[in-house]
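Peer 1: Okay, here's the structure, questions in a sec.
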Amino acid sequence: MSHNVSFVDPKKNYQSIKEEIDEAYFDVMSNGDLIDRRHLKSFEENLARFVGTRYAVGLNSGYDALHMSLRAAGIGPGDEVIVPAHTFVATASAVVNVGATPVLVDVAKDFNINIDLIEAAITDRTRALMPVHLSGHMANMVRVMEIADQYNLIVIEDACQSLGASLNGKKAGSWGLTGCWSFYPFKMLGGYGDGGAITTDDPDVALFARRMRFNGEDRETGEYHGHGFTCLLDNLQAAFLDVKLSHLPAWITRRKEIAQRYRAALSNLPDLMLPHYDYPGYDDVYQNYTVRSKQGDAFSEYLKSHGIGILTQFRKPYYKHMALKLVDRGFPETEALSREVCSLPMNSEISNEQIDYVIKTVRSFYGREWRGGGK
Ligand SMILES: Cc1ncc(COP(=O)(O)O)c(C=O)c1O
């Protein structure tokens, strides 16, 4: 029985696909294919197919995807963009960095933006909604799109944590003007360094991003179409990501199995809230398995002291960091969950034996024995 369960296990993941990754590496390196070559094109085509959009454009990071989407939508000074109060800070930073103002809205029990609070935050300056699909579970995009239609707003999906998730059969990242993706190494589809992309059905947005990621240049004509950025996804990373994308469906299946294993063994602990919502039409992919423990730090410290890798994102909500100068309008659900969140180990490399050790440890914290387990 292992008493050291990693939160993620990139080494084991590499070992499981080593031959294909090494082959991709030698293919790229032996041909000197470093910038904007066929591997990037292939990955973009496969990503767009996977998400169900016409285009995908490879960028440097998830942040770049958010930033580029806002620029493509023409959002800037004087504009307001609605974002959730509980998310990774990059969602709000992208808005600030184009000169616009993020307007924060509290989340609901499923960690995603509280749909019932959006309309009260809309003003005559609001230009866009930026829902985040956190931890592999989509925001209610049916309602988001209805509100956007009603108020004539642009929708940019921060889908960085939900590649493969869907609602009513339609994948995350295919609903809004763009879907924004991060291939940070610990994402379900993670590179060996930073990476990102947007997916979109809009040819003008795709063309804008293709030019702007390359300092505004049209690569065919050499013409500059604006002041751009250097934020192209490296061809080498694209080659790796293309290999990994072909394994993603199997990895998602494994994540769902792990989630069910946790659920079967942990759902009868009254002080622990599990991330299973059973909303009709939602297909969750468990980028993170974030539970809420009423015991907060005592719970997470106990797991750590038993050799279990966990994450407590985020004990301090991003809007409470004074240097960010964001407006805290009072977000009771975000405040409550911030004290309680704890993400348990969730990765496709973890063994059932390791999960059972996590389960046993969680139950022992609550003074409950567990005789389950097995294969
Ligand atoms: C919800 C969310 N938004 C944005 C990002 C930013 O992605 P990146 O780290 O690739 O810039 C991340 C990833 O870390 C994320 O989880």
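We label chains A, B, ... in the order they appear in the structure tokens, count residues from 1 in each chain, and number ligands from 1 in the order shown.
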Could you list, with a cut-off of 8 Å and counting only C-alpha atoms and all ligand atoms, the residues of chain A near ligand 1, each shown with its nearest atom pair and the distance in Å rounded to one decimal, rows sorted by chain and ascending number, as JSON lines?

Peer 2:
```
{"residue": "A:Asn60", "atom": "CA", "partner": "ligand 1", "partner_atom_place_in_ligand_line": "10 (O)", "distance": 7.4}
{"residue": "A:Ser61", "atom": "CA", "partner": "ligand 1", "partner_atom_place_in_ligand_line": "10 (O)", "distance": 3.8}
{"residue": "A:Gly62", "atom": "CA", "partner": "ligand 1", "partner_atom_place_in_ligand_line": "7 (O)", "distance": 3.4}
{"residue": "A:Tyr63", "atom": "CA", "partner": "ligand 1", "partner_atom_place_in_ligand_line": "11 (O)", "distance": 3.7}
{"residue": "A:Asp64", "atom": "CA", "partner": "ligand 1", "partner_atom_place_in_ligand_line": "11 (O)", "distance": 6.5}
{"residue": "A:Ala65", "atom": "CA", "partner": "ligand 1", "partner_atom_place_in_ligand_line": "11 (O)", "distance": 7.9}
{"residue": "A:Leu66", "atom": "CA", "partner": "ligand 1", "partner_atom_place_in_ligand_line": "4 (C)", "distance": 7.5}
{"residue": "A:Thr87", "atom": "CA", "partner": "ligand 1", "partner_atom_place_in_ligand_line": "1 (C)", "distance": 5.6}
{"residue": "A:Phe88", "atom": "CA", "partner": "ligand 1", "partner_atom_place_in_ligand_line": "2 (C)", "distance": 4.9}
{"residue": "A:Val89", "atom": "CA", "partner": "ligand 1", "partner_atom_place_in_ligand_line": "3 (N)", "distance": 7.1}
{"residue": "A:Ala90", "atom": "CA", "partner": "ligand 1", "partner_atom_place_in_ligand_line": "4 (C)", "distance": 5.0}
{"residue": "A:Thr91", "atom": "CA", "partner": "ligand 1", "partner_atom_place_in_ligand_line": "3 (N)", "distance": 5.3}
{"residue": "A:Val132", "atom": "CA", "partner": "ligand 1", "partner_atom_place_in_ligand_line": "1 (C)", "distance": 6.0}
{"residue": "A:His133", "atom": "CA", "partner": "ligand 1", "partner_atom_place_in_ligand_line": "1 (C)", "distance": 7.0}
{"residue": "A:Leu134", "atom": "CA", "partner": "ligand 1", "partner_atom_place_in_ligand_line": "1 (C)", "distance": 6.1}
{"residue": "A:Ser135", "atom": "CA", "partner": "ligand 1", "partner_atom_place_in_ligand_line": "16 (O)", "distance": 8.0}
{"residue": "A:Asp158", "atom": "CA", "partner": "ligand 1", "partner_atom_place_in_ligand_line": "3 (N)", "distance": 5.8}
{"residue": "A:Ala159", "atom": "CA", "partner": "ligand 1", "partner_atom_place_in_ligand_line": "1 (C)", "distance": 6.6}
{"residue": "A:Cys160", "atom": "CA", "partner": "ligand 1", "partner_atom_place_in_ligand_line": "2 (C)", "distance": 4.9}
{"residue": "A:Gln161", "atom": "CA", "partner": "ligand 1", "partner_atom_place_in_ligand_line": "16 (O)", "distance": 5.2}
{"residue": "A:Cys180", "atom": "CA", "partner": "ligand 1", "partner_atom_place_in_ligand_line": "4 (C)", "distance": 7.9}
{"residue": "A:Trp181", "atom": "CA", "partner": "ligand 1", "partner_atom_place_in_ligand_line": "7 (O)", "distance": 7.1}
{"residue": "A:Ser182", "atom": "CA", "partner": "ligand 1", "partner_atom_place_in_ligand_line": "10 (O)", "distance": 4.0}
{"residue": "A:Phe183", "atom": "CA", "partner": "ligand 1", "partner_atom_place_in_ligand_line": "10 (O)", "distance": 5.7}
{"residue": "A:Tyr184", "atom": "CA", "partner": "ligand 1", "partner_atom_place_in_ligand_line": "10 (O)", "distance": 4.8}
{"residue": "A:Lys187", "atom": "CA", "partner": "ligand 1", "partner_atom_place_in_ligand_line": "13 (C)", "distance": 7.7}
{"residue": "A:Asp194", "atom": "CA", "partner": "ligand 1", "partner_atom_place_in_ligand_line": "10 (O)", "distance": 5.9}
{"residue": "A:Gly195", "atom": "CA", "partner": "ligand 1", "partner_atom_place_in_ligand_line": "10 (O)", "distance": 5.8}
{"residue": "A:Gly196", "atom": "CA", "partner": "ligand 1", "partner_atom_place_in_ligand_line": "10 (O)", "distance": 5.7}
```

Peer 1: Take the selection from the previous step and output its residues with C-alpha atoms, as a tab-separated table (two decimals), in the first residue's frame.

Peer 2:
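Contents of the output file part13.tsv:
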```
chain	number	residue	atom	x	y	z
A	60	ASN	CA	1.17	30.36	-25.44
A	61	SER	CA	-1.14	29.91	-22.47
A	62	GLY	CA	-4.68	29.93	-21.20
A	63	TYR	CA	-4.15	33.52	-20.17
A	64	ASP	CA	-3.25	34.41	-23.76
A	65	ALA	CA	-6.41	32.69	-24.95
A	66	LEU	CA	-8.53	34.86	-22.63
A	87	THR	CA	-11.83	31.23	-10.36
A	88	PHE	CA	-8.14	31.32	-11.17
A	89	VAL	CA	-7.02	34.95	-11.15
A	90	ALA	CA	-6.11	34.92	-14.87
A	91	THR	CA	-9.80	35.21	-15.80
A	132	VAL	CA	-15.68	29.63	-16.13
A	133	HIS	CA	-16.22	25.88	-16.30
A	134	LEU	CA	-14.40	24.98	-13.13
A	135	SER	CA	-12.89	21.60	-12.31
A	158	ASP	CA	-12.96	30.15	-19.78
A	159	ALA	CA	-12.90	26.43	-20.41
A	160	CYS	CA	-9.32	25.96	-19.19
A	161	GLN	CA	-10.39	23.30	-16.68
A	180	CYS	CA	-10.25	29.37	-23.99
A	181	TRP	CA	-7.89	26.50	-23.22
A	182	SER	CA	-4.84	26.02	-21.06
A	183	PHE	CA	-2.32	23.24	-21.59
A	184	TYR	CA	-0.43	24.03	-18.40
A	187	LYS	CA	-4.22	20.10	-16.93
A	194	ASP	CA	2.95	26.42	-20.98
A	195	GLY	CA	0.48	26.28	-23.82
A	196	GLY	CA	-3.03	27.36	-24.70
```

Peer 1: Leaving out A:Met145 and any residue of its chain fewer than 4 positions from it, which residues lie within 12 Å of it when counting only C-alpha atoms, given as a list in words?

Peer 2: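 The residues that qualify are Ile115, Ile118, Ala128, Leu129, Met130, Pro131, Ala139, Asn140, Met141, Asp149, Gln150, Tyr151, Asn152, Leu153, Ile154, Val155, Ile156, Glu157, Ser174, Trp175, Gly176 and Leu177 of chain A.
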
Peer 1: Using C-alpha atoms, can you export the residues from the last selection as a compact mmCIF listing (two decimals), in the first residue's frame?

Peer 2:
```txt
# COMPACT_ATOMS: atom_id res chain seq x y z
CA ILE A 115 -26.76 32.23 -12.95
CA ILE A 118 -25.82 37.68 -13.30
CA ALA A 128 -19.36 40.38 -22.16
CA LEU A 129 -19.98 37.41 -19.90
CA MET A 130 -17.02 35.25 -19.07
CA PRO A 131 -18.28 32.07 -17.42
CA ALA A 139 -21.39 26.44 -16.11
CA ASN A 140 -25.05 26.56 -17.10
CA MET A 141 -24.41 27.65 -20.66
CA ASP A 149 -28.96 37.10 -26.17
CA GLN A 150 -31.34 39.16 -24.10
CA TYR A 151 -28.74 41.83 -23.22
CA ASN A 152 -26.73 41.61 -26.44
CA LEU A 153 -23.52 40.48 -24.73
CA ILE A 154 -20.50 38.57 -26.03
CA VAL A 155 -19.72 35.26 -24.35
CA ILE A 156 -16.14 34.14 -23.80
CA GLU A 157 -15.85 30.74 -22.14
CA SER A 174 -18.12 25.53 -28.42
CA TRP A 175 -20.88 27.79 -27.05
CA GLY A 176 -19.45 31.29 -26.88
CA LEU A 177 -17.54 33.50 -29.32
```

Peer 1: Compare A:Ser246, A:Thr253, A:Asn235, A:Ser293 by their minimum atom-to-atom distance to A:Lys41, counting only C-alpha atoms, and give me the closest one.

Peer 2: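 For A:Lys41, the nearest of the given residues is A:Asn235.
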
Peer 1: How many Å lie between atom CA of A:Ser351 and atom CA of A:Phe7, rounded to one decimal?

Peer 2: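 These two atoms are separated by 12.3 Å.
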
Peer 1: List every residue of stretch 127-351 of chain A that DSSP, applied to the backbone, labels as strand (DSSP E or B), and write the result as a VMD selection string.

Peer 2: chain A and resid 127 to 129 132 154 to 158 166 to 167 170 to 171 178 to 182 196 to 200 214 217 224 230 232 272 to 273 282 to 283 289 to 293 308 311 341 to 344

Peer 1: With distances taken over only C-alpha atoms, which residue among A:Val57, A:Leu167, A:Val103, A:Val8 lies nearest A:Met188?

Peer 2: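 Looking only at the distances to A:Met188, the closest residue turns out to be A:Val8.
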
Peer 1: Write down as number ranges by chain the residues of stretch 116-293 of chain A whose backbone DSSP state falls under helix (DSSP H, G or I).

Peer 2: A: 116-121, 134-136, 141-151, 203-212, 235-266

Peer 1: Residues near stretch 271-281 of chain A, anyone? I mean within 12 Å using only C-alpha atoms, not counting same-chain ones fewer than 5 positions away, as a VMD selection string.

Peer 2: chain A and resid 108 to 112 134 to 142 165 to 171 256 259 to 266 286 to 296 299 to 300 337 340 to 344 362 to 363 365 to 367
